[in-house]
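The structure file upload01.json is reproduced below (JSON, C-alpha atoms).
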[["chain", "number", "residue", "atom", "x", "y", "z"],
["E", 5, "MET", "CA", -28.79, 0.25, -10.43],
["E", 6, "VAL", "CA", -26.30, 2.62, -12.06],
["E", 7, "PHE", "CA", -24.97, 2.29, -15.58],
["E", 8, "ILE", "CA", -21.48, 3.01, -16.85],
["E", 9, "GLY", "CA", -21.01, 3.61, -20.55],
["E", 10, "ARG", "CA", -24.01, 3.27, -22.87],
["E", 11, "GLN", "CA", -27.27, 3.22, -21.05],
["E", 12, "GLN", "CA", -29.17, 1.74, -23.96],
["E", 13, "LEU", "CA", -27.78, -1.68, -24.84],
["E", 14, "PHE", "CA", -28.92, -2.97, -28.22],
["E", 15, "SER", "CA", -29.73, -6.67, -28.55],
["E", 16, "TYR", "CA", -28.05, -7.37, -25.23],
["E", 17, "ILE", "CA", -24.65, -6.23, -26.48],
["E", 18, "CYS", "CA", -22.24, -4.79, -23.93],
["E", 19, "HIS", "CA", -19.89, -1.92, -24.82],
["E", 20, "ALA", "CA", -17.42, -0.14, -22.58],
["E", 21, "THR", "CA", -17.48, 3.59, -23.13],
["E", 22, "GLN", "CA", -16.23, 4.80, -19.75],
["E", 23, "GLN", "CA", -12.80, 6.39, -20.05],
["E", 24, "GLY", "CA", -10.18, 4.21, -18.38],
["E", 25, "THR", "CA", -11.81, 0.85, -19.10],
["E", 26, "THR", "CA", -10.64, -1.59, -21.70],
["E", 27, "ASN", "CA", -12.49, -1.58, -25.00],
["E", 28, "CYS", "CA", -15.30, -4.02, -24.32],
["E", 29, "ASN", "CA", -15.39, -5.87, -27.61],
["E", 30, "THR", "CA", -18.87, -6.37, -28.99],
["E", 31, "ILE", "CA", -20.21, -9.62, -27.63],
["E", 32, "THR", "CA", -23.64, -11.13, -27.77],
["E", 33, "MET", "CA", -24.65, -12.50, -24.41],
["E", 34, "SER", "CA", -25.80, -15.75, -26.03],
["E", 35, "ASN", "CA", -22.12, -16.42, -26.83],
["E", 36, "ILE", "CA", -20.92, -16.22, -23.22],
["E", 37, "LYS", "CA", -18.98, -19.40, -22.44],
["E", 38, "ALA", "CA", -17.36, -18.57, -19.08],
["E", 39, "ILE", "CA", -17.98, -16.37, -16.05],
["E", 40, "PHE", "CA", -15.48, -15.49, -13.31],
["E", 41, "PHE", "CA", -16.65, -14.52, -9.82],
["E", 42, "ASP", "CA", -14.84, -12.86, -6.97],
["E", 43, "ILE", "CA", -15.90, -14.33, -3.62],
["E", 44, "ASP", "CA", -16.04, -11.83, -0.75],
["E", 45, "GLY", "CA", -18.59, -9.10, -1.39],
["E", 46, "THR", "CA", -19.50, -10.55, -4.79],
["E", 47, "LEU", "CA", -20.62, -14.17, -4.55],
["E", 48, "VAL", "CA", -20.65, -14.19, -0.75],
["E", 49, "SER", "CA", -22.29, -11.66, 1.55],
["E", 50, "PHE", "CA", -20.21, -10.06, 4.29],
["E", 51, "LYS", "CA", -23.37, -10.15, 6.39],
["E", 52, "THR", "CA", -24.18, -13.86, 6.14],
["E", 53, "HIS", "CA", -20.87, -15.33, 4.91],
["E", 54, "ARG", "CA", -22.94, -17.37, 2.46],
["E", 55, "ILE", "CA", -23.95, -17.30, -1.21],
["E", 56, "PRO", "CA", -27.48, -15.86, -1.49],
["E", 57, "ALA", "CA", -30.20, -18.26, -2.63],
["E", 58, "SER", "CA", -30.82, -16.24, -5.81],
["E", 59, "THR", "CA", -27.16, -16.53, -6.77],
["E", 60, "LEU", "CA", -27.03, -20.27, -6.09],
["E", 61, "ASP", "CA", -30.06, -20.74, -8.31],
["E", 62, "ALA", "CA", -28.39, -18.63, -11.02],
["E", 63, "LEU", "CA", -25.22, -20.72, -10.83],
["E", 64, "GLU", "CA", -27.20, -23.93, -11.29],
["E", 65, "ARG", "CA", -29.02, -22.49, -14.30],
["E", 66, "LEU", "CA", -25.76, -21.26, -15.83],
["E", 67, "ARG", "CA", -24.27, -24.72, -15.46],
["E", 68, "GLU", "CA", -27.31, -26.26, -17.16],
["E", 69, "LYS", "CA", -26.60, -23.96, -20.10],
["E", 70, "GLY", "CA", -23.04, -25.31, -20.33],
["E", 71, "ILE", "CA", -21.35, -22.10, -19.20],
["E", 72, "LYS", "CA", -18.06, -22.66, -17.37],
["E", 73, "LEU", "CA", -17.98, -21.10, -13.90],
["E", 74, "PHE", "CA", -14.76, -20.00, -12.23],
["E", 75, "ILE", "CA", -13.69, -18.42, -8.97],
["E", 76, "ALA", "CA", -11.22, -15.50, -8.96],
["E", 77, "THR", "CA", -10.20, -14.64, -5.41],
["E", 78, "GLY", "CA", -7.43, -13.25, -3.27],
["E", 79, "ARG", "CA", -7.83, -16.22, -0.92],
["E", 80, "PRO", "CA", -5.67, -19.32, -1.13],
["E", 81, "LYS", "CA", -7.68, -22.42, -2.03],
["E", 82, "SER", "CA", -7.18, -23.82, 1.48],
["E", 83, "ILE", "CA", -9.39, -21.11, 3.00],
["E", 84, "VAL", "CA", -12.10, -20.98, 0.36],
["E", 85, "ASN", "CA", -14.62, -22.11, 2.94],
["E", 86, "ASN", "CA", -17.81, -20.27, 2.08],
["E", 87, "LEU", "CA", -19.04, -21.63, -1.26],
["E", 88, "GLY", "CA", -21.17, -24.46, 0.13],
["E", 89, "ASP", "CA", -21.38, -27.61, -1.96],
["E", 90, "PHE", "CA", -21.23, -25.94, -5.35],
["E", 91, "ASN", "CA", -18.29, -27.15, -7.42],
["E", 92, "PHE", "CA", -16.70, -24.64, -9.75],
["E", 93, "ASP", "CA", -14.79, -25.52, -12.93],
["E", 94, "GLY", "CA", -11.58, -23.85, -11.77],
["E", 95, "TYR", "CA", -10.05, -21.40, -9.35],
["E", 96, "VAL", "CA", -7.89, -18.32, -9.80],
["E", 97, "THR", "CA", -6.52, -17.94, -6.27],
["E", 98, "LEU", "CA", -4.11, -15.56, -4.55],
["E", 99, "ASN", "CA", -4.96, -12.81, -7.04],
["E", 100, "GLY", "CA", -3.71, -14.88, -9.95],
["E", 101, "GLY", "CA", -0.69, -16.35, -8.17],
["E", 102, "VAL", "CA", -2.02, -19.91, -8.25],
["E", 103, "CYS", "CA", -4.57, -21.35, -10.72],
["E", 104, "ILE", "CA", -6.24, -24.70, -10.10],
["E", 105, "VAL", "CA", -8.36, -26.88, -12.40],
["E", 106, "ASP", "CA", -9.57, -30.37, -11.48],
["E", 107, "GLY", "CA", -7.49, -30.25, -8.31],
["E", 108, "LYS", "CA", -4.28, -29.67, -10.25],
["E", 109, "THR", "CA", -2.19, -26.51, -10.21],
["E", 110, "ILE", "CA", -1.85, -25.28, -13.79],
["E", 111, "PHE", "CA", 0.05, -22.09, -12.94],
["E", 112, "SER", "CA", 1.84, -20.66, -9.93],
["E", 113, "ARG", "CA", 4.09, -17.71, -9.16],
["E", 114, "SER", "CA", 5.66, -16.84, -5.79],
["E", 115, "LEU", "CA", 7.16, -13.68, -4.37],
["E", 116, "PRO", "CA", 10.90, -13.16, -4.91],
["E", 117, "GLN", "CA", 12.78, -14.34, -1.82],
["E", 118, "ASP", "CA", 14.65, -11.04, -1.57],
["E", 119, "ASP", "CA", 11.34, -9.19, -1.39],
["E", 120, "THR", "CA", 9.98, -11.48, 1.32],
["E", 121, "ASP", "CA", 13.14, -11.00, 3.35],
["E", 122, "MET", "CA", 12.92, -7.23, 2.88],
["E", 123, "LEU", "CA", 9.32, -7.21, 4.13],
["E", 124, "ILE", "CA", 10.33, -9.17, 7.23],
["E", 125, "GLU", "CA", 13.04, -6.61, 7.88],
["E", 126, "GLN", "CA", 10.78, -3.59, 7.29],
["E", 127, "SER", "CA", 7.98, -4.98, 9.44],
["E", 128, "ARG", "CA", 10.53, -5.76, 12.18],
["E", 129, "GLY", "CA", 9.19, -9.26, 12.35],
["E", 130, "GLY", "CA", 5.65, -7.99, 12.90],
["E", 131, "GLU", "CA", 6.48, -5.44, 15.58],
["E", 132, "ARG", "CA", 6.06, -2.44, 13.23],
["E", 133, "PHE", "CA", 2.99, -3.90, 11.47],
["E", 134, "PRO", "CA", 1.46, -7.39, 11.27],
["E", 135, "CYS", "CA", 1.76, -9.59, 8.20],
["E", 136, "ILE", "CA", 0.04, -12.81, 7.16],
["E", 137, "TYR", "CA", 2.23, -14.92, 4.87],
["E", 138, "VAL", "CA", 0.64, -17.45, 2.53],
["E", 139, "LEU", "CA", 3.18, -20.27, 2.30],
["E", 140, "ASP", "CA", 3.22, -23.62, 0.50],
["E", 141, "ASP", "CA", 1.39, -25.48, 3.23],
["E", 142, "ALA", "CA", 0.09, -22.90, 5.70],
["E", 143, "MET", "CA", -0.71, -19.30, 6.53],
["E", 144, "ALA", "CA", 1.49, -17.71, 9.18],
["E", 145, "LEU", "CA", 1.10, -14.48, 11.15],
["E", 146, "THR", "CA", 3.85, -12.23, 12.44],
["E", 147, "GLY", "CA", 2.72, -9.64, 14.95],
["E", 148, "GLY", "CA", -0.99, -9.13, 15.41],
["E", 149, "ASP", "CA", -3.49, -6.68, 16.86],
["E", 150, "ALA", "CA", -7.20, -5.89, 17.05],
["E", 151, "VAL", "CA", -7.24, -4.86, 13.39],
["E", 152, "VAL", "CA", -6.14, -8.34, 12.33],
["E", 153, "ASP", "CA", -8.78, -9.87, 14.61],
["E", 154, "ASN", "CA", -11.47, -7.71, 13.02],
["E", 155, "VAL", "CA", -10.43, -8.63, 9.48],
["E", 156, "MET", "CA", -10.44, -12.34, 10.29],
["E", 157, "ARG", "CA", -13.94, -12.04, 11.72],
["E", 158, "MET", "CA", -15.11, -10.09, 8.67],
["E", 159, "LEU", "CA", -13.86, -12.89, 6.42],
["E", 160, "ASP", "CA", -15.16, -15.60, 8.78],
["E", 161, "LEU", "CA", -11.66, -17.10, 9.07],
["E", 162, "LYS", "CA", -9.66, -18.57, 11.89],
["E", 163, "MET", "CA", -6.61, -16.64, 13.05],
["E", 164, "PRO", "CA", -3.44, -18.03, 11.38],
["E", 165, "GLN", "CA", -0.75, -19.53, 13.55],
["E", 166, "LYS", "CA", 1.48, -16.84, 15.03],
["E", 167, "VAL", "CA", 5.17, -17.39, 14.32],
["E", 168, "THR", "CA", 8.47, -15.59, 14.63],
["E", 169, "ALA", "CA", 10.10, -13.83, 11.70],
["E", 170, "GLU", "CA", 12.81, -16.48, 11.59],
["E", 171, "ALA", "CA", 10.18, -19.13, 10.97],
["E", 172, "ILE", "CA", 9.24, -17.29, 7.76],
["E", 173, "ARG", "CA", 12.69, -16.40, 6.50],
["E", 174, "GLY", "CA", 13.79, -18.58, 3.59],
["E", 175, "LYS", "CA", 10.31, -20.00, 2.94],
["E", 176, "ARG", "CA", 8.42, -19.50, -0.30],
["E", 177, "ALA", "CA", 5.51, -17.05, 0.01],
["E", 178, "TYR", "CA", 2.88, -16.63, -2.66],
["E", 179, "GLN", "CA", 1.13, -13.63, -1.13],
["E", 180, "VAL", "CA", 1.35, -11.48, 1.98],
["E", 181, "LEU", "CA", -1.43, -9.57, 3.70],
["E", 182, "ALA", "CA", 0.42, -6.55, 5.05],
["E", 183, "PHE", "CA", -1.41, -4.43, 7.63],
["E", 184, "PHE", "CA", 0.22, -1.13, 6.85],
["E", 185, "SER", "CA", -1.04, 2.29, 5.81],
["E", 186, "PRO", "CA", -1.04, 3.56, 2.21],
["E", 187, "GLU", "CA", 1.86, 5.84, 3.16],
["E", 188, "GLU", "CA", 3.89, 2.93, 4.49],
["E", 189, "GLU", "CA", 2.90, 0.94, 1.42],
["E", 190, "THR", "CA", 4.44, 3.52, -0.90],
["E", 191, "GLU", "CA", 7.62, 3.64, 1.17],
["E", 192, "ILE", "CA", 8.12, -0.10, 1.54],
["E", 193, "MET", "CA", 7.14, -1.23, -1.94],
["E", 194, "ARG", "CA", 9.97, 0.87, -3.38],
["E", 195, "LEU", "CA", 12.25, -1.64, -1.68],
["E", 196, "MET", "CA", 10.45, -4.67, -3.16],
["E", 197, "PRO", "CA", 10.86, -4.32, -6.95],
["E", 198, "GLY", "CA", 9.65, -7.83, -7.74],
["E", 199, "SER", "CA", 6.30, -7.35, -6.01],
["E", 200, "VAL", "CA", 3.18, -5.23, -6.35],
["E", 201, "THR", "CA", 0.18, -4.48, -4.16],
["E", 202, "THR", "CA", -3.55, -4.67, -4.66],
["E", 203, "ARG", "CA", -5.69, -3.15, -1.93],
["E", 204, "TRP", "CA", -9.34, -4.04, -1.44],
["E", 205, "ASN", "CA", -9.62, -3.18, 2.25],
["E", 206, "ASP", "CA", -8.54, -0.08, 4.16],
["E", 207, "ALA", "CA", -6.86, -2.18, 6.86],
["E", 208, "PHE", "CA", -4.40, -4.10, 4.68],
["E", 209, "THR", "CA", -3.09, -4.70, 1.20],
["E", 210, "ASP", "CA", -2.29, -7.90, -0.67],
["E", 211, "ILE", "CA", 1.35, -8.12, -1.77],
["E", 212, "ILE", "CA", 1.69, -10.35, -4.82],
["E", 213, "PRO", "CA", 4.43, -11.13, -7.35],
["E", 214, "ALA", "CA", 4.89, -8.53, -10.07],
["E", 215, "GLY", "CA", 3.15, -9.74, -13.20],
["E", 216, "SER", "CA", 0.39, -11.47, -11.24],
["E", 217, "SER", "CA", -3.24, -10.40, -11.24],
["E", 218, "LYS", "CA", -6.64, -11.97, -11.52],
["E", 219, "SER", "CA", -6.54, -11.15, -15.24],
["E", 220, "VAL", "CA", -3.36, -13.22, -15.64],
["E", 221, "GLY", "CA", -5.10, -16.13, -13.94],
["E", 222, "MET", "CA", -8.11, -15.70, -16.19],
["E", 223, "GLU", "CA", -5.87, -15.82, -19.25],
["E", 224, "LYS", "CA", -4.27, -19.07, -18.08],
["E", 225, "ILE", "CA", -7.59, -20.79, -17.40],
["E", 226, "LEU", "CA", -9.35, -19.50, -20.52],
["E", 227, "GLY", "CA", -6.44, -20.73, -22.63],
["E", 228, "LEU", "CA", -6.76, -24.19, -21.12],
["E", 229, "PHE", "CA", -10.45, -24.34, -22.04],
["E", 230, "GLY", "CA", -10.05, -22.73, -25.45],
["E", 231, "ILE", "CA", -12.27, -19.77, -24.55],
["E", 232, "THR", "CA", -11.51, -16.18, -25.56],
["E", 233, "ARG", "CA", -11.72, -13.19, -23.24],
["E", 234, "GLU", "CA", -14.52, -11.82, -25.42],
["E", 235, "GLU", "CA", -16.57, -14.88, -24.52],
["E", 236, "CYS", "CA", -16.42, -14.32, -20.77],
["E", 237, "MET", "CA", -17.96, -12.14, -18.09],
["E", 238, "ALA", "CA", -16.56, -11.25, -14.69],
["E", 239, "PHE", "CA", -18.12, -10.02, -11.45],
["E", 240, "GLY", "CA", -16.18, -8.21, -8.72],
["E", 241, "ASP", "CA", -16.33, -5.53, -6.05],
["E", 242, "GLY", "CA", -12.80, -4.83, -4.81],
["E", 243, "GLY", "CA", -9.62, -3.12, -5.89],
["E", 244, "ASN", "CA", -8.07, -6.49, -6.68],
["E", 245, "ASP", "CA", -10.89, -7.07, -9.21],
["E", 246, "ILE", "CA", -10.11, -4.06, -11.40],
["E", 247, "GLU", "CA", -7.79, -5.86, -13.83],
["E", 248, "MET", "CA", -10.25, -8.76, -14.05],
["E", 249, "LEU", "CA", -13.16, -6.47, -14.90],
["E", 250, "ARG", "CA", -11.10, -4.72, -17.57],
["E", 251, "TYR", "CA", -9.90, -8.01, -19.07],
["E", 252, "ALA", "CA", -13.28, -9.70, -19.34],
["E", 253, "GLY", "CA", -15.43, -9.29, -22.42],
["E", 254, "CYS", "CA", -17.99, -7.76, -20.07],
["E", 255, "GLY", "CA", -17.03, -6.70, -16.53],
["E", 256, "ILE", "CA", -19.73, -6.23, -13.90],
["E", 257, "ALA", "CA", -19.08, -4.24, -10.70],
["E", 258, "MET", "CA", -21.21, -4.98, -7.66],
["E", 259, "GLY", "CA", -23.28, -2.20, -6.14],
["E", 260, "GLY", "CA", -21.47, -0.39, -3.36],
["E", 261, "SER", "CA", -18.03, -0.95, -4.85],
["E", 262, "SER", "CA", -15.55, 1.93, -4.93],
["E", 263, "PRO", "CA", -15.50, 4.54, -7.71],
["E", 264, "GLU", "CA", -12.24, 3.03, -9.01],
["E", 265, "VAL", "CA", -13.86, -0.40, -9.37],
["E", 266, "GLN", "CA", -16.97, 1.05, -10.97],
["E", 267, "ALA", "CA", -14.85, 2.99, -13.46],
["E", 268, "ALA", "CA", -13.20, -0.26, -14.60],
["E", 269, "ALA", "CA", -16.52, -1.98, -15.24],
["E", 270, "ASP", "CA", -18.93, -1.97, -18.15],
["E", 271, "TYR", "CA", -21.98, -2.11, -15.92],
["E", 272, "ILE", "CA", -22.83, -1.69, -12.24],
["E", 273, "THR", "CA", -25.38, -4.06, -10.76],
["E", 274, "ASP", "CA", -27.00, -4.18, -7.32],
["E", 275, "ASN", "CA", -25.10, -5.44, -4.27],
["E", 276, "VAL", "CA", -24.70, -9.07, -3.30],
["E", 277, "ASP", "CA", -27.50, -8.97, -0.70],
["E", 278, "ASN", "CA", -29.96, -7.52, -3.23],
["E", 279, "ASP", "CA", -29.53, -10.22, -5.88],
["E", 280, "GLY", "CA", -26.94, -8.25, -7.85],
["E", 281, "ILE", "CA", -25.56, -11.21, -9.79],
["E", 282, "LEU", "CA", -28.95, -12.51, -10.87],
["E", 283, "LYS", "CA", -30.11, -9.02, -11.85],
["E", 284, "ALA", "CA", -27.11, -8.48, -14.13],
["E", 285, "LEU", "CA", -27.43, -11.89, -15.76],
["E", 286, "VAL", "CA", -31.10, -11.21, -16.45],
["E", 287, "ARG", "CA", -30.41, -7.66, -17.64],
["E", 288, "PHE", "CA", -28.02, -8.93, -20.31],
["E", 289, "GLY", "CA", -30.13, -11.89, -21.33],
["E", 290, "VAL", "CA", -27.72, -14.56, -20.09],
["E", 291, "LEU", "CA", -30.56, -15.88, -17.93],
["E", 292, "GLU", "CA", -34.29, -15.34, -17.89],
["E", 293, "ARG", "CA", -35.85, -14.28, -14.61]]
Would you write the structure of this file as structure tokens?
Amino acid sequence: MVFIGRQQLFSYICHATQQGTTNCNTITMSNIKAIFFDIDGTLVSFKTHRIPASTLDALERLREKGIKLFIATGRPKSIVNNLGDFNFDGYVTLNGGVCIVDGKTIFSRSLPQDDTDMLIEQSRGGERFPCIYVLDDAMALTGGDAVVDNVMRMLDLKMPQKVTAEAIRGKRAYQVLAFFSPEEETEIMRLMPGSVTTRWNDAFTDIIPAGSSKSVGMEKILGLFGITREECMAFGDGGNDIEMLRYAGCGIAMGGSSPEVQAAADYITDNVDNDGILKALVRFGVLER
């Protein structure tokens, strides 16, 4: 494992010293009341599409200690299909666009309609590049190619229904997976002032409403439970986890994550397939081995 910041942690206290991270306020690990987990590449292996046994055991032990456990994902809740039977206390979905607790939506934010219409125009209805739109009641695909097929297989998801651009126009979208290059991203996002991107895969970027992020979702859920950011940890591995890792009292990057993600974290653990979550929890004294 690789450390960021102080390599000697006194009395299991986590400090952020890496330039570019938030100031990780001094927290004792015995005071942790909530933990947020990204799904793909963090809780769930890309190899098996399942939560490793060591992580499931850790989740059960955390629950026994009374620690609240939350998901923070770019997926909509409808396609969170890889967590088995474990029930989490709440869900930050769509990169903070929709937050759900006890089956009820406590916060939601959609893309501006003008921005959605502009994306339809710029993508030429999917002919220039494919897009997957997350709507109120469905996911819809315009265009499509082998790259989209590969991403759906990587995520162990069914291909969304393919529709025409006119079927999307005028509908509320909470997030769009746009399969365009970083160069096209820069060009097109200038035309969508009410939206921002967060990229965690080379093939596509997530387009979300400006002002949304996993950290915003965390703030909403923590406020509901009366928990401070200093009392929470977060685990993530992708570009859309950076704000979450910075916001948490102690942010843990998974092994193999990009340099940008690692720079936002207070500590780098092992990867998901090598018991990374359990190792970090043990390292900081949240759990015993």
Against segment 232-236 of chain E, which residues of segment 103-221 of chain E fall within 12 Å? For each one I want the closest pair of atoms and the distance in Å (one decimal), counting all atoms listed in the file, rows by chain and increasing residue number, as CSV.
residue,atom,partner,partner_atom,distance
E:Ser219,CA,E:Arg233,CA,9.7
E:Val220,CA,E:Arg233,CA,11.3
E:Gly221,CA,E:Arg233,CA,11.8
Write a file of the just-selected residues containing C-alpha atoms, as a PDB file, in the coordinates of the input.
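As written to disk, again.pdb reads:
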ATOM      1  CA  SER E 219      -6.540 -11.150 -15.240  1.00  0.00           C
ATOM      2  CA  VAL E 220      -3.360 -13.220 -15.640  1.00  0.00           C
ATOM      3  CA  GLY E 221      -5.100 -16.130 -13.940  1.00  0.00           C
TER       4      GLY E 221
END
- So which one's closest to Asp160 of chain E, E:Ser262, E:Ser199, E:Thr120, E:Asn86? Using only C-alpha atoms, please.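 So, comparing all the options, the nearest one is E:Asn86.
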- Item | Between atom CA of Asn35 of chain E and atom CA of Gly253 of chain E, distance in Å (one decimal) |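 Atom CA of Gly253 of chain E lies at a distance of 10.7 Å from atom CA of Asn35 of chain E.
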- To one decimal place, how far is atom CA of Thr168 of chain E from atom CA of Asp141 of chain E in Å? 16.7 Å
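Considering the residues E:Ala269, E:Leu161, E:Ile83, E:Ile211 and counting all atoms listed in the file, Tyr137 of chain E has its shortest atom-to-atom contact with E:Ile211.
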- Task: Please provide the set of residues having any atom within 12 Å of Gly148 of chain E, restricted to all atoms listed in the file, with same-chain residues fewer than 6 positions apart removed, written as a PyMOL selection string.
- Result: chain E and resi 127+129-136+154-156+163-168+181-184
Could those residues be written to a file, using C-alpha atoms, as a compact mmCIF listing (two decimals), keeping the file's coordinate frame?
# COMPACT_ATOMS: atom_id res chain seq x y z
CA SER E 127 7.98 -4.98 9.44
CA GLY E 129 9.19 -9.26 12.35
CA GLY E 130 5.65 -7.99 12.90
CA GLU E 131 6.48 -5.44 15.58
CA ARG E 132 6.06 -2.44 13.23
CA PHE E 133 2.99 -3.90 11.47
CA PRO E 134 1.46 -7.39 11.27
CA CYS E 135 1.76 -9.59 8.20
CA ILE E 136 0.04 -12.81 7.16
CA ASN E 154 -11.47 -7.71 13.02
CA VAL E 155 -10.43 -8.63 9.48
CA MET E 156 -10.44 -12.34 10.29
CA MET E 163 -6.61 -16.64 13.05
CA PRO E 164 -3.44 -18.03 11.38
CA GLN E 165 -0.75 -19.53 13.55
CA LYS E 166 1.48 -16.84 15.03
CA VAL E 167 5.17 -17.39 14.32
CA THR E 168 8.47 -15.59 14.63
CA LEU E 181 -1.43 -9.57 3.70
CA ALA E 182 0.42 -6.55 5.05
CA PHE E 183 -1.41 -4.43 7.63
CA PHE E 184 0.22 -1.13 6.85
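Of the listed residues E:Gly101, E:Gly174, E:Pro80, E:Gly147, the one whose atoms come nearest to Gln117 of chain E is E:Gly174, with distances taken using only C-alpha atoms.
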- So what do you get for atom CA of Phe111 of chain E versus atom CA of Tyr178 of chain E, distance-wise?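 The value is 12.0 Å.
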